[in-house]
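Colleague: Before I ask anything, let me first share the structure, which is written out below as structure tokens.
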Amino acid sequence: MTGPAQQPALPSTTEDTASVPGWVEKSVNDIFAALPGAGPQLDALRDSYLDCLAGAGRGQDIDAEHDTCRLALLDQVTQGKLLDTATTQVLTQRLEVLEADITANL
């Protein structure tokens, strides 16, 4: 018999997992690589931030979802005293620019 299979195709795991576009991951990696004191704690926070961005919707509230991701990251950076105030401000600005680029490229 030719034609479509009698049973529906099953989704692969890559279809089930939200992810960010490659350029976003590269940008986030570049932002974090430029930070002083990079290490396992910042790497884990970077990964959590990327996961949060990947889970953000594509609707009207995407900016609010990005804000939530960024603020959660910055809270952890501040609580853990991982960066000084000036570096945290620079990180905030760079992430805000990135998030605006994500929104503009939807």
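Every chain in the structure tokens takes a letter, A first, then B, and so on in the order presented; its residues are numbered from 1, and the ligands are numbered from 1 following the presented order.
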Report the residues of chain A whose backbone DSSP state falls under alpha helix (DSSP H), written as an MDAnalysis selection string.
Modeller: chainID A and resid 13:16 22:33 40:55 62:79 85:104
Colleague: Using only C-alpha atoms, which of A:Asp67, A:Asp47, A:Glu96, A:Asp101 sits nearest Phe32 in chain A?
Modeller: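 When distances to Phe32 in chain A are compared using only C-alpha atoms, the smallest one comes from A:Asp47.
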Colleague: What separation in Å, quoted to one decimal, exists between CA of Asp61 in chain A and CA of Val28 in chain A?
Modeller: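 Result for CA of Asp61 in chain A versus CA of Val28 in chain A: 21.1 Å, one decimal.
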Colleague: So what do you get for CA of Gln93 in chain A versus CA of Trp23 in chain A, distance-wise?
Modeller: 18.1 Å
Colleague: From the set A:Leu98, A:Cys69, A:Leu82, A:Ala64, which residue has the shortest atom-to-atom contact distance to Cys52 in chain A, counting only C-alpha atoms?
Modeller: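 Answer, going by the shortest atom-to-atom distance: A:Cys69.
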Colleague: Taking 5 positions as the minimum chain separation for residues in the same chain, which residues sit within 9 Å of range 85-91 of chain A when counting only C-alpha atoms? Answer as JSON, numbers by chain.
Modeller: {"A": [31, 32, 35, 36, 74, 77, 78, 96]}
Colleague: Between A:Asp43, A:Leu50, A:Gly37, A:Gln76, which one has atoms that come closest to Ser19 in chain A, using only C-alpha atoms?
Modeller: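 The answer is A:Leu50, which sits nearest to Ser19 in chain A.
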Colleague: Between A:Gln41, A:Ser48, A:Thr103, A:Gln79, which has the minimum distance to His66 in chain A (counting only C-alpha atoms)?
Modeller: A:Thr103
Colleague: Just checking: using only C-alpha atoms, which residue out of A:Lys26, A:Asp63, A:Pro21, A:Leu73 ends up closest to Arg46 in chain A?
Modeller: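 Closest candidate: A:Leu73.
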